[in-house]
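Raw contents of final.pdb, PDB, C-alpha atoms and all ligand atoms:
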ATOM      1  CA  MET A   1     124.413  60.791  17.473
ATOM      2  CA  VAL A   2     123.100  63.108  20.160
ATOM      3  CA  ARG A   3     120.801  61.411  22.590
ATOM      4  CA  SER A   4     117.539  63.252  22.976
ATOM      5  CA  ASN A   5     117.130  64.986  26.295
ATOM      6  CA  ARG A   6     113.588  66.014  25.667
ATOM      7  CA  MET A   7     110.410  64.239  24.774
ATOM      8  CA  PRO A   8     109.290  65.382  21.361
ATOM      9  CA  GLN A   9     105.728  64.869  22.486
ATOM     10  CA  GLY A  10     103.481  64.837  25.395
ATOM     11  CA  GLY A  11     103.226  63.378  28.816
ATOM     12  CA  THR A  12     103.056  59.879  30.055
ATOM     13  CA  VAL A  13      99.628  58.257  30.118
ATOM     14  CA  ASN A  14     100.734  55.106  31.864
ATOM     15  CA  ASP A  15     102.814  54.782  34.980
ATOM     16  CA  GLY A  16     104.282  51.551  33.680
ATOM     17  CA  VAL A  17     102.668  49.396  36.347
ATOM     18  CA  THR A  18      99.186  49.085  34.857
ATOM     19  CA  ASP A  19      97.938  45.531  35.131
ATOM     20  CA  LEU A  20      96.740  44.573  31.660
ATOM     21  CA  SER A  21      94.430  41.587  31.655
ATOM     22  CA  ASP A  22      95.137  38.772  29.239
ATOM     23  CA  GLY A  23      91.552  37.982  28.296
ATOM     24  CA  LYS A  24      90.875  36.702  24.817
ATOM     25  CA  PRO A  25      87.615  35.950  23.022
ATOM     26  CA  GLY A  26      86.169  32.470  23.440
ATOM     27  CA  VAL A  27      86.721  29.809  20.774
ATOM     28  CA  LEU A  28      83.048  29.701  19.726
ATOM     29  CA  SER A  29      82.842  33.466  19.378
ATOM     30  CA  THR A  30      86.061  33.566  17.355
ATOM     31  CA  LEU A  31      84.963  30.686  15.120
ATOM     32  CA  GLY A  32      81.703  32.554  14.541
ATOM     33  CA  HIS A  33      83.560  35.670  13.407
ATOM     34  CA  CYS A  34      85.867  33.626  11.195
ATOM     35  CA  CYS A  35      82.910  31.817   9.573
ATOM     36  CA  ALA A  36      81.126  35.106   8.885
ATOM     37  CA  ALA A  37      84.289  36.551   7.307
ATOM     38  CA  LEU A  38      84.808  33.404   5.232
ATOM     39  CA  ALA A  39      81.203  33.403   4.049
ATOM     40  CA  ALA A  40      81.477  37.031   2.903
ATOM     41  CA  THR A  41      84.661  36.463   0.937
ATOM     42  CA  PRO A  42      83.774  34.585  -2.312
ATOM     43  CA  ARG A  43      81.269  37.239  -3.411
ATOM     44  CA  ARG A  44      83.832  39.989  -2.801
ATOM     45  CA  LEU A  45      86.516  38.196  -4.794
ATOM     46  CA  LEU A  46      84.185  38.403  -7.797
ATOM     47  CA  ARG A  47      82.797  41.875  -7.056
ATOM     48  CA  PRO A  48      85.235  43.856  -4.915
ATOM     49  CA  ARG A  49      84.070  46.909  -2.991
ATOM     50  CA  ARG A  50      83.954  49.885  -5.310
ATOM     51  CA  PRO A  51      85.616  53.210  -4.538
ATOM     52  CA  ASP A  52      83.336  55.940  -3.194
ATOM     53  CA  GLU A  53      83.567  58.478  -6.004
ATOM     54  CA  ALA A  54      81.811  61.175  -3.952
ATOM     55  CA  PHE A  55      84.290  60.712  -1.098
ATOM     56  CA  LEU A  56      87.264  60.672  -3.460
ATOM     57  CA  SER A  57      86.125  63.891  -5.118
ATOM     58  CA  ARG A  58      86.054  65.610  -1.709
ATOM     59  CA  VAL A  59      89.607  64.602  -0.743
ATOM     60  CA  ARG A  60      91.953  67.563  -1.079
ATOM     61  CA  ALA A  61      95.734  67.529  -0.772
ATOM     62  CA  ALA A  62      97.033  70.048   1.781
ATOM     63  CA  PRO A  63     100.643  71.192   1.427
ATOM     64  CA  LEU A  64     103.488  69.016   2.656
ATOM     65  CA  PRO A  65     105.594  71.377   4.801
ATOM     66  CA  PRO A  66     109.217  71.668   3.655
ATOM     67  CA  ALA A  67     111.604  69.691   5.847
ATOM     68  CA  LYS A  68     114.475  71.482   7.594
ATOM     69  CA  GLY A  69     115.982  68.220   8.781
ATOM     70  CA  VAL A  70     116.392  64.689   7.478
ATOM     71  CA  VAL A  71     116.531  61.174   8.887
ATOM     72  CA  ARG A  72     118.277  57.966   7.982
ATOM     73  CA  LEU A  73     115.833  55.095   7.386
ATOM     74  CA  THR A  74     116.744  51.413   7.712
ATOM     75  CA  ALA A  75     114.188  48.624   7.479
ATOM     76  CA  LEU A  76     114.879  45.684   9.794
ATOM     77  CA  PRO A  77     113.048  42.708   8.257
ATOM     78  CA  GLN A  78     112.479  40.013  10.887
ATOM     79  CA  ALA A  79     110.140  37.423   9.362
ATOM     80  CA  ARG A  80     108.206  36.580   6.247
ATOM     81  CA  MET A  81     105.091  34.789   5.122
ATOM     82  CA  SER A  82     102.847  34.987   2.065
ATOM     83  CA  ALA A  83      99.194  35.424   1.194
ATOM     84  CA  PRO A  84      97.059  35.148  -1.946
ATOM     85  CA  THR A  85      97.169  38.355  -3.980
ATOM     86  CA  ALA A  86      93.365  38.343  -4.362
ATOM     87  CA  ILE A  87      92.978  38.270  -0.566
ATOM     88  CA  VAL A  88      95.486  41.057   0.159
ATOM     89  CA  ALA A  89      93.933  43.286  -2.519
ATOM     90  CA  GLU A  90      90.357  42.060  -2.604
ATOM     91  CA  GLY A  91      89.446  40.534  -5.960
ATOM     92  CA  ALA A  92      92.735  41.380  -7.679
ATOM     93  CA  ARG A  93      92.833  39.311 -10.860
ATOM     94  CA  SER A  94      95.662  37.016  -9.862
ATOM     95  CA  LEU A  95      95.978  33.441  -8.719
ATOM     96  CA  GLY A  96      99.418  34.217  -7.322
ATOM     97  CA  HIS A  97     100.707  34.928  -3.845
ATOM     98  CA  LEU A  98     102.404  38.023  -2.473
ATOM     99  CA  PRO A  99     105.439  37.714  -0.213
ATOM    100  CA  MET A 100     104.847  39.480   3.108
ATOM    101  CA  ALA A 101     107.371  40.915   5.559
ATOM    102  CA  MET A 102     107.222  41.554   9.288
ATOM    103  CA  GLY A 103     109.699  43.807  11.011
ATOM    104  CA  ALA A 104     110.775  47.109  12.515
ATOM    105  CA  PHE A 105     112.088  50.358  11.034
ATOM    106  CA  LEU A 106     115.111  52.102  12.492
ATOM    107  CA  ILE A 107     114.996  55.907  12.217
ATOM    108  CA  GLU A 108     118.033  58.054  13.020
ATOM    109  CA  HIS A 109     117.527  61.788  13.541
ATOM    110  CA  ALA A 110     120.058  64.285  14.878
ATOM    111  CA  GLN A 111     118.134  64.379  18.176
ATOM    112  CA  ALA A 112     117.143  60.740  18.602
ATOM    113  CA  ARG A 113     117.473  57.193  17.364
ATOM    114  CA  PHE A 114     114.120  55.403  17.485
ATOM    115  CA  LEU A 115     112.115  52.495  16.133
ATOM    116  CA  VAL A 116     108.847  52.666  14.260
ATOM    117  CA  ASP A 117     107.160  49.434  15.343
ATOM    118  CA  PRO A 118     109.354  47.328  17.661
ATOM    119  CA  ALA A 119     107.911  44.418  15.776
ATOM    120  CA  LEU A 120     108.967  40.914  16.796
ATOM    121  CA  CYS A 121     110.818  39.148  19.575
ATOM    122  CA  ALA A 122     112.720  35.896  19.160
ATOM    123  CA  GLY A 123     110.488  32.922  19.893
ATOM    124  CA  VAL A 124     107.363  34.907  19.052
ATOM    125  CA  HIS A 125     105.544  31.653  18.178
ATOM    126  CA  ASP A 126     105.858  30.495  21.781
ATOM    127  CA  ARG A 127     105.956  33.783  23.665
ATOM    128  CA  VAL A 128     103.258  35.854  21.947
ATOM    129  CA  LEU A 129     101.134  33.981  19.412
ATOM    130  CA  PRO A 130      99.480  31.773  22.084
ATOM    131  CA  GLY A 131      97.930  35.040  23.337
ATOM    132  CA  LEU A 132      95.746  35.191  20.218
ATOM    133  CA  PRO A 133      92.456  33.269  20.196
ATOM    134  CA  PHE A 134      92.181  30.035  18.204
ATOM    135  CA  PRO A 135      92.296  29.931  15.182
ATOM    136  CA  VAL A 136      93.500  33.530  14.672
ATOM    137  CA  GLY A 137      97.029  32.663  15.799
ATOM    138  CA  LEU A 138      97.280  30.068  13.031
ATOM    139  CA  LEU A 139      96.210  32.577  10.376
ATOM    140  CA  VAL A 140      98.904  35.113  11.155
ATOM    141  CA  SER A 141     101.838  32.918  12.142
ATOM    142  CA  PRO A 142     105.003  33.903  10.239
ATOM    143  CA  ASP A 143     107.405  31.390   8.740
ATOM    144  CA  LYS A 144     110.297  30.293  10.951
ATOM    145  CA  PRO A 145     112.929  31.397  11.691
ATOM    146  CA  VAL A 146     112.049  34.793  13.123
ATOM    147  CA  LEU A 147     114.845  37.262  13.782
ATOM    148  CA  GLY A 148     114.299  38.802  17.218
ATOM    149  CA  LEU A 149     114.554  42.555  17.622
ATOM    150  CA  ALA A 150     117.718  42.368  19.714
ATOM    151  CA  ASP A 151     119.415  40.281  17.011
ATOM    152  CA  ALA A 152     118.163  42.600  14.259
ATOM    153  CA  LEU A 153     119.706  45.546  16.132
ATOM    154  CA  ALA A 154     122.914  43.615  16.831
ATOM    155  CA  ALA A 155     123.295  43.015  13.094
ATOM    156  CA  ARG A 156     123.550  46.824  12.832
ATOM    157  CA  ASP A 157     125.966  47.015  15.785
ATOM    158  CA  LEU A 158     123.242  48.375  18.043
ATOM    159  CA  SER A 159     121.537  47.241  21.232
ATOM    160  CA  GLY A 160     118.333  48.211  22.996
ATOM    161  CA  ASP A 161     120.343  50.723  25.052
ATOM    162  CA  ASP A 162     120.985  52.697  21.857
ATOM    163  CA  ILE A 163     117.256  53.222  21.245
ATOM    164  CA  ASP A 164     115.804  56.445  22.664
ATOM    165  CA  PHE A 165     112.134  55.540  22.214
ATOM    166  CA  THR A 166     109.740  53.589  20.027
ATOM    167  CA  LEU A 167     106.633  54.600  18.081
ATOM    168  CA  ALA A 168     103.834  52.240  17.110
ATOM    169  CA  THR A 169     101.833  52.637  13.907
ATOM    170  CA  HIS A 170      99.281  50.559  15.849
ATOM    171  CA  LEU A 171      99.209  48.028  18.668
ATOM    172  CA  HIS A 172      98.706  44.692  16.933
ATOM    173  CA  TRP A 173     101.016  41.947  18.236
ATOM    174  CA  ASP A 174     103.291  41.891  15.195
ATOM    175  CA  HIS A 175     104.174  45.577  15.658
ATOM    176  CA  VAL A 176     105.066  45.637  19.363
ATOM    177  CA  SER A 177     106.275  42.172  20.409
ATOM    178  CA  GLY A 178     109.905  43.263  20.142
ATOM    179  CA  LEU A 179     109.288  45.383  23.250
ATOM    180  CA  LEU A 180     109.957  42.156  25.159
ATOM    181  CA  GLU A 181     113.609  42.583  24.135
ATOM    182  CA  LEU A 182     113.995  46.294  24.909
ATOM    183  CA  PRO A 183     114.902  47.793  28.304
ATOM    184  CA  ASP A 184     111.879  48.873  30.362
ATOM    185  CA  SER A 185     113.172  52.443  30.210
ATOM    186  CA  VAL A 186     112.563  52.676  26.443
ATOM    187  CA  GLU A 187     109.196  54.396  26.110
ATOM    188  CA  LEU A 188     106.512  53.387  23.629
ATOM    189  CA  ARG A 189     104.755  56.386  22.083
ATOM    190  CA  VAL A 190     101.292  55.899  20.674
ATOM    191  CA  PRO A 191      98.063  57.926  20.436
ATOM    192  CA  ALA A 192      96.006  57.625  23.636
ATOM    193  CA  ILE A 193      92.968  56.460  21.647
ATOM    194  CA  GLU A 194      94.995  53.499  20.376
ATOM    195  CA  TYR A 195      96.321  52.571  23.799
ATOM    196  CA  GLU A 196      92.862  52.740  25.336
ATOM    197  CA  TRP A 197      91.379  50.622  22.526
ATOM    198  CA  ALA A 198      94.047  47.941  22.950
ATOM    199  CA  THR A 199      94.144  47.796  26.729
ATOM    200  CA  SER A 200      90.690  48.592  28.105
ATOM    201  CA  GLY A 201      88.141  45.891  28.861
ATOM    202  CA  GLU A 202      88.642  42.285  29.835
ATOM    203  CA  ILE A 203      89.079  40.966  26.301
ATOM    204  CA  ALA A 204      91.744  42.210  23.915
ATOM    205  CA  PRO A 205      90.625  43.119  20.366
ATOM    206  CA  TYR A 206      91.574  40.649  17.624
ATOM    207  CA  GLY A 207      95.242  41.081  16.774
ATOM    208  CA  VAL A 208      96.223  42.520  20.163
ATOM    209  CA  VAL A 209      98.316  40.600  22.679
ATOM    210  CA  ARG A 210      98.791  42.652  25.820
ATOM    211  CA  ALA A 211     101.793  40.890  27.340
ATOM    212  CA  PRO A 212     104.418  42.937  25.407
ATOM    213  CA  LEU A 213     102.752  46.148  26.671
ATOM    214  CA  ARG A 214     102.794  45.156  30.330
ATOM    215  CA  GLY A 215     105.067  47.295  32.474
ATOM    216  CA  ARG A 216     105.983  49.554  29.563
ATOM    217  CA  ALA A 217     105.992  53.333  30.033
ATOM    218  CA  ILE A 218     103.677  54.836  27.430
ATOM    219  CA  GLY A 219     103.951  58.333  25.976
ATOM    220  CA  ASN A 220     100.923  59.948  24.357
ATOM    221  CA  LEU A 221     101.184  61.110  20.759
ATOM    222  CA  GLU A 222      98.588  63.755  20.029
ATOM    223  CA  LEU A 223      98.017  64.558  16.374
ATOM    224  CA  ASP A 224      97.385  68.206  17.113
ATOM    225  CA  GLY A 225      98.717  69.656  13.873
ATOM    226  CA  PRO A 226      97.044  70.717  10.615
ATOM    227  CA  PRO A 227      96.066  68.565   7.632
ATOM    228  CA  VAL A 228      99.051  67.288   5.655
ATOM    229  CA  LEU A 229      98.577  66.030   2.106
ATOM    230  CA  THR A 230      95.338  64.016   2.062
ATOM    231  CA  PHE A 231      95.328  63.352   5.817
ATOM    232  CA  THR A 232      93.231  65.337   8.258
ATOM    233  CA  ARG A 233      95.624  65.651  11.223
ATOM    234  CA  SER A 234      99.361  65.624  11.810
ATOM    235  CA  HIS A 235     102.104  66.006  14.370
ATOM    236  CA  ASP A 236     105.605  67.282  13.669
ATOM    237  CA  LEU A 237     107.707  65.115  15.981
ATOM    238  CA  PHE A 238     110.882  67.221  16.083
ATOM    239  CA  GLY A 239     109.529  70.550  14.819
ATOM    240  CA  ASP A 240     111.681  70.423  11.677
ATOM    241  CA  GLY A 241     109.325  68.596   9.303
ATOM    242  CA  SER A 242     111.568  65.535   9.071
ATOM    243  CA  VAL A 243     109.148  63.209  10.879
ATOM    244  CA  LEU A 244     105.459  63.983  10.461
ATOM    245  CA  LEU A 245     102.862  61.707  11.992
ATOM    246  CA  VAL A 246      99.538  61.531  10.134
ATOM    247  CA  ASP A 247      96.238  59.862  10.961
ATOM    248  CA  LEU A 248      95.354  56.629   9.134
ATOM    249  CA  PRO A 249      92.292  55.428  11.077
ATOM    250  CA  GLY A 250      90.297  52.298  10.361
ATOM    251  CA  HIS A 251      92.642  49.333  10.658
ATOM    252  CA  THR A 252      92.705  50.313  14.320
ATOM    253  CA  PRO A 253      91.195  53.467  15.883
ATOM    254  CA  GLY A 254      94.557  55.165  16.428
ATOM    255  CA  SER A 255      96.563  53.906  13.450
ATOM    256  CA  ILE A 256      99.125  56.448  12.307
ATOM    257  CA  GLY A 257     101.496  56.879   9.392
ATOM    258  CA  VAL A 258     105.023  58.268   9.625
ATOM    259  CA  MET A 259     106.087  60.655   6.862
ATOM    260  CA  LEU A 260     109.866  60.909   6.653
ATOM    261  CA  ALA A 261     112.230  63.287   4.893
ATOM    262  CA  VAL A 262     115.014  60.788   4.176
ATOM    263  CA  ASP A 263     118.665  61.749   3.790
ATOM    264  CA  ASP A 264     118.691  60.489   0.184
ATOM    265  CA  GLY A 265     116.260  63.271  -0.752
ATOM    266  CA  THR A 266     113.147  61.081  -0.893
ATOM    267  CA  ARG A 267     109.887  61.373   1.022
ATOM    268  CA  VAL A 268     108.759  58.080   2.527
ATOM    269  CA  LEU A 269     105.453  57.304   4.209
ATOM    270  CA  LEU A 270     105.392  54.306   6.559
ATOM    271  CA  VAL A 271     101.741  53.276   6.687
ATOM    272  CA  GLY A 272     101.744  50.320   9.093
ATOM    273  CA  ASP A 273      98.835  48.038   8.206
ATOM    274  CA  ALA A 274      96.487  50.656   6.730
ATOM    275  CA  ILE A 275      97.238  48.545   3.671
ATOM    276  CA  TRP A 276      99.260  45.352   3.393
ATOM    277  CA  ASN A 277     100.590  46.007  -0.104
ATOM    278  CA  THR A 278     100.890  49.050  -2.340
ATOM    279  CA  LEU A 279      98.786  47.173  -4.923
ATOM    280  CA  GLN A 280      95.805  48.148  -2.752
ATOM    281  CA  ILE A 281      96.500  51.840  -3.378
ATOM    282  CA  LYS A 282      96.760  51.404  -7.112
ATOM    283  CA  LEU A 283      93.580  49.320  -7.391
ATOM    284  CA  ILE A 284      91.754  50.982  -4.434
ATOM    285  CA  ARG A 285      91.045  47.637  -2.805
ATOM    286  CA  GLU A 286      90.520  46.750   0.810
ATOM    287  CA  LYS A 287      91.655  43.443   2.270
ATOM    288  CA  ALA A 288      89.186  40.640   1.534
ATOM    289  CA  PRO A 289      86.652  39.991   4.347
ATOM    290  CA  MET A 290      88.686  37.003   5.469
ATOM    291  CA  PRO A 291      90.829  38.133   7.215
ATOM    292  CA  GLY A 292      90.112  41.889   6.861
ATOM    293  CA  GLN A 293      86.864  41.680   8.853
ATOM    294  CA  LEU A 294      88.808  40.245  11.776
ATOM    295  CA  PHE A 295      91.672  42.733  11.790
ATOM    296  CA  ASP A 296      90.264  46.022  10.448
ATOM    297  CA  ALA A 297      88.495  47.540  13.444
ATOM    298  CA  ASP A 298      86.361  49.854  11.252
ATOM    299  CA  ARG A 299      86.137  48.693   7.643
ATOM    300  CA  ASP A 300      84.461  51.857   6.359
ATOM    301  CA  ARG A 301      87.105  54.148   7.836
ATOM    302  CA  ALA A 302      89.851  51.796   6.683
ATOM    303  CA  PHE A 303      88.516  52.043   3.126
ATOM    304  CA  GLU A 304      88.425  55.843   3.382
ATOM    305  CA  THR A 305      92.068  55.751   4.424
ATOM    306  CA  ILE A 306      92.937  53.593   1.387
ATOM    307  CA  GLN A 307      91.256  56.192  -0.814
ATOM    308  CA  ARG A 308      93.215  58.975   0.883
ATOM    309  CA  LEU A 309      96.400  57.056   0.102
ATOM    310  CA  HIS A 310      95.257  56.651  -3.509
ATOM    311  CA  ALA A 311      94.749  60.426  -3.743
ATOM    312  CA  LEU A 312      98.321  61.241  -2.637
ATOM    313  CA  PRO A 313     100.365  63.333  -5.064
ATOM    314  CA  GLU A 314     103.159  61.667  -7.009
ATOM    315  CA  GLY A 315     106.624  61.262  -5.566
ATOM    316  CA  ILE A 316     105.915  59.737  -2.152
ATOM    317  CA  GLU A 317     107.283  56.247  -1.491
ATOM    318  CA  VAL A 318     104.628  54.402   0.502
ATOM    319  CA  ILE A 319     105.884  51.462   2.581
ATOM    320  CA  PRO A 320     103.282  49.169   4.165
ATOM    321  CA  SER A 321     104.802  47.153   7.018
ATOM    322  CA  HIS A 322     103.973  43.838   5.337
ATOM    323  CA  ASP A 323     104.835  44.751   1.725
ATOM    324  CA  PHE A 324     107.914  42.570   1.256
ATOM    325  CA  ASP A 325     109.282  44.341  -1.823
ATOM    326  CA  ALA A 326     108.716  47.851  -0.440
ATOM    327  CA  VAL A 327     110.372  46.919   2.862
ATOM    328  CA  LEU A 328     113.326  45.102   1.306
ATOM    329  CA  ALA A 329     114.106  48.151  -0.840
ATOM    330  CA  ARG A 330     114.994  49.960   2.433
ATOM    331  CA  ALA A 331     116.774  47.132   4.259
TER     332      ALA A 331
HETATM  333 ZN    ZN A 401     100.685  43.860  11.008
END
Before we go any further, please render this structure as structure tokens.
Amino acid sequence: MVRSNRMPQGGTVNDGVTDLSDGKPGVLSTLGHCCAALAATPRRLLRPRRPDEAFLSRVRAAPLPPAKGVVRLTALPQARMSAPTAIVAEGARSLGHLPMAMGAFLIEHAQARFLVDPALCAGVHDRVLPGLPFPVGLLVSPDKPVLGLADALAARDLSGDDIDFTLATHLHWDHVSGLLELPDSVELRVPAIEYEWATSGEIAPYGVVRAPLRGRAIGNLELDGPPVLTFTRSHDLFGDGSVLLVDLPGHTPGSIGVMLAVDDGTRVLLVGDAIWNTLQIKLIREKAPMPGQLFDADRDRAFETIQRLHALPEGIEVIPSHDFDAVLARA
């Protein structure tokens, strides 16, 4: 592999010494939000939010540029948990549970080896989860044991020194905590709007723990390219169409998807947490209010993004970060 000697994108927006405060919402405020989300949930399980037919009819699919290069894709599952199907895909007619994954994706391109979402560190229950307000940390805690990022890389005969940079689909704790196990020199690339949302102000948004971001050099990803498929903006990371970033706003302000041309001839779209399971695309369902109201920063935009995913043409393998079956198929 040739180590990249250029940044595929942009300048640095952080000098790596920014002091990020550790403020979190108060217990009463958090309990209030949780109670409101809980109270809104039973009605939605019976009558889920309906698709916006007018919006759907306006969504057009722009061309997907042909790829002149390919990447190798390897999922690195690090933890699992489960959640009721009817909560993940609001009102889905099932009393069952869906297995959920947490982890990173290793992407190998001729110019760089990088991670999409440096997800979890070892000991995340003690090192990171206490940074979430009570009782949010309890809601999202994965089953033990958790495989730390360094161990996940070691299982592939790699170390943090072999990673050229990381990208984040968004800055929730379960997508960046593995930074605690990567050398400080490994840059995190993320849209500026996402970084500002996660790090400005005294109190971190729900789902964000700032400690893994502290001291990390940040590169700005600007989605300055044209519409791709049903998404309004894009960025071609290497200029060869093999890694296209697309905008998936709503879950967080700067959530992005990563469209890959994989070396097995498939096209794969990593969608982070825009959805938690591909069932949501099929049924056009948002997450139920509890916990979606806590973790989707803008529910209306998040639902638009789900509808854009529903309107994708056939033949694209969509992998949500927490969709256990979709992730395991690439491990
Ligand atoms: Zn997540």
Problem - Cut-off 6 Å around (119.0, 65.9, 11.2) with all atoms listed in the file: residues as number ranges by chain - result: A: 69-71, 109-110
Practice task
Please evaluate the PyMOL selection byres (((chain A and resi 229) around 8) and not hetatm) against the displayed coordinates and give the resulting residues as an MDAnalysis selection string.
Solution key: chainID A and resid 60:64 227:228 230:231 312:313
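Atom to atom, atom CA of A:Phe105 and atom CA of A:Thr74 stand 5.8 Å apart.
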Exercise for the section: Produce as an NGL selection string the set of residues near ligand ZN 401 (chain A), where near means within 7 Å with only C-alpha atoms and all ligand atoms considered. Expected result: :A and (172 or 174-175 or 272-273 or 321-322)
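Closest approach to A:Ile275 among A:Gly257, A:Pro84, A:Gly123, A:Gly215: A:Gly257, based on all atoms listed in the file.
Between A:Arg189 and the residues A:Pro118, A:Pro66, A:Gly131, A:Gly137, the shortest atom-to-atom distance, using only C-alpha atoms, involves A:Pro118.
Note on the selection: in this file the PyMOL selection byres (((chain A and resi 119) around 6) and not hetatm) comes out as Gly103, Ala104, Asp117, Pro118, Leu120, Asp174, His175, Val176, Ser177 and Gly178 of chain A.
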Exercise for the section: Find the residues near A:Gly250: any atom within 6 Å, counting all atoms listed in the file, skip ones fewer than 3 places away on the same chain, and give them as a PyMOL selection string. Expected result: chain A and resi 253+297-298+301-302
Handout entry: Result set, the PyMOL selection byres (((chain A and resi 254) around 12) and not hetatm) on current file, as a ChimeraX atom specification
Key = /A:168-172,189-198,220-223,233,245-253,255-257,272-274,296-298,301-302
Could the residues in this selection be saved with C-alpha atoms as an mmCIF file, in the coordinates of the input?
data_model
loop_
_atom_site.group_PDB
_atom_site.id
_atom_site.type_symbol
_atom_site.label_atom_id
_atom_site.label_comp_id
_atom_site.auth_asym_id
_atom_site.auth_seq_id
_atom_site.Cartn_x
_atom_site.Cartn_y
_atom_site.Cartn_z
ATOM 1 C CA ALA A 168 103.834 52.240 17.110
ATOM 2 C CA THR A 169 101.833 52.637 13.907
ATOM 3 C CA HIS A 170 99.281 50.559 15.849
ATOM 4 C CA LEU A 171 99.209 48.028 18.668
ATOM 5 C CA HIS A 172 98.706 44.692 16.933
ATOM 6 C CA ARG A 189 104.755 56.386 22.083
ATOM 7 C CA VAL A 190 101.292 55.899 20.674
ATOM 8 C CA PRO A 191 98.063 57.926 20.436
ATOM 9 C CA ALA A 192 96.006 57.625 23.636
ATOM 10 C CA ILE A 193 92.968 56.460 21.647
ATOM 11 C CA GLU A 194 94.995 53.499 20.376
ATOM 12 C CA TYR A 195 96.321 52.571 23.799
ATOM 13 C CA GLU A 196 92.862 52.740 25.336
ATOM 14 C CA TRP A 197 91.379 50.622 22.526
ATOM 15 C CA ALA A 198 94.047 47.941 22.950
ATOM 16 C CA ASN A 220 100.923 59.948 24.357
ATOM 17 C CA LEU A 221 101.184 61.110 20.759
ATOM 18 C CA GLU A 222 98.588 63.755 20.029
ATOM 19 C CA LEU A 223 98.017 64.558 16.374
ATOM 20 C CA ARG A 233 95.624 65.651 11.223
ATOM 21 C CA LEU A 245 102.862 61.707 11.992
ATOM 22 C CA VAL A 246 99.538 61.531 10.134
ATOM 23 C CA ASP A 247 96.238 59.862 10.961
ATOM 24 C CA LEU A 248 95.354 56.629 9.134
ATOM 25 C CA PRO A 249 92.292 55.428 11.077
ATOM 26 C CA GLY A 250 90.297 52.298 10.361
ATOM 27 C CA HIS A 251 92.642 49.333 10.658
ATOM 28 C CA THR A 252 92.705 50.313 14.320
ATOM 29 C CA PRO A 253 91.195 53.467 15.883
ATOM 30 C CA SER A 255 96.563 53.906 13.450
ATOM 31 C CA ILE A 256 99.125 56.448 12.307
ATOM 32 C CA GLY A 257 101.496 56.879 9.392
ATOM 33 C CA GLY A 272 101.744 50.320 9.093
ATOM 34 C CA ASP A 273 98.835 48.038 8.206
ATOM 35 C CA ALA A 274 96.487 50.656 6.730
ATOM 36 C CA ASP A 296 90.264 46.022 10.448
ATOM 37 C CA ALA A 297 88.495 47.540 13.444
ATOM 38 C CA ASP A 298 86.361 49.854 11.252
ATOM 39 C CA ARG A 301 87.105 54.148 7.836
ATOM 40 C CA ALA A 302 89.851 51.796 6.683
#
Exercise for the section: Please provide the set of residues having any atom within 6 Å of A:Met102, restricted to only C-alpha atoms, with same-chain residues fewer than 6 positions apart removed, written as a list in words. Expected result: Gln78, Ala79, Arg80 and His322 of chain A
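Proximity ranking of A:Glu304, A:Glu317, A:Asp224, A:Glu286 relative to A:Arg267 places A:Glu317 first, based on all atoms listed in the file.
Closest approach to A:Phe303 among A:Gln280, A:Gly225, A:Leu244, A:Ala37 is made by A:Gln280 (distances from all atoms listed in the file).
Proximity ranking of A:Pro77, A:Pro212, A:Pro145, A:Gly160 relative to A:Val128 places A:Pro212 first, based on only C-alpha atoms.
Using all atoms listed in the file, the smallest distance between any of A:Asp22, A:Asp300, A:Glu202, A:Glu53 and A:Leu132 comes from A:Asp22.
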Practice task
Work out how far atom CA of A:Ser29 is from atom CA of A:Gln293, in Å to one decimal.
Solution key: 13.9 Å
Problem - Distance of atom CA of A:Asp240 from atom CA of A:Leu167, expressed in Å to one decimal place - result: 17.8 Å
5 Å per side around stretch 62-74 of chain A: axis-aligned box centre and edge lengths, as JSON:
{"center_x": 107.7, "center_y": 61.5, "center_z": 5.2, "size_x": 31.2, "size_y": 30.3, "size_z": 17.5}
Practice task
Would you kindly return, as an MDAnalysis selection string, each protein, DNA or RNA residue with an atom no farther than 9 Å from any atom of A:Ser21, considering all atoms listed in the file and excluding same-chain residues fewer than 3 positions away?
Solution key: chainID A and resid 199:204 210:211
Practice task
Would you list the contacts of A:Tyr206 as a PyMOL selection string, taking every protein, DNA or RNA residue within 9 Å and counting all atoms listed in the file, but skipping same-chain residues closer than 6 positions in sequence?
Solution key: chain A and resi 24-25+30+132-133+136+172+294-295+297
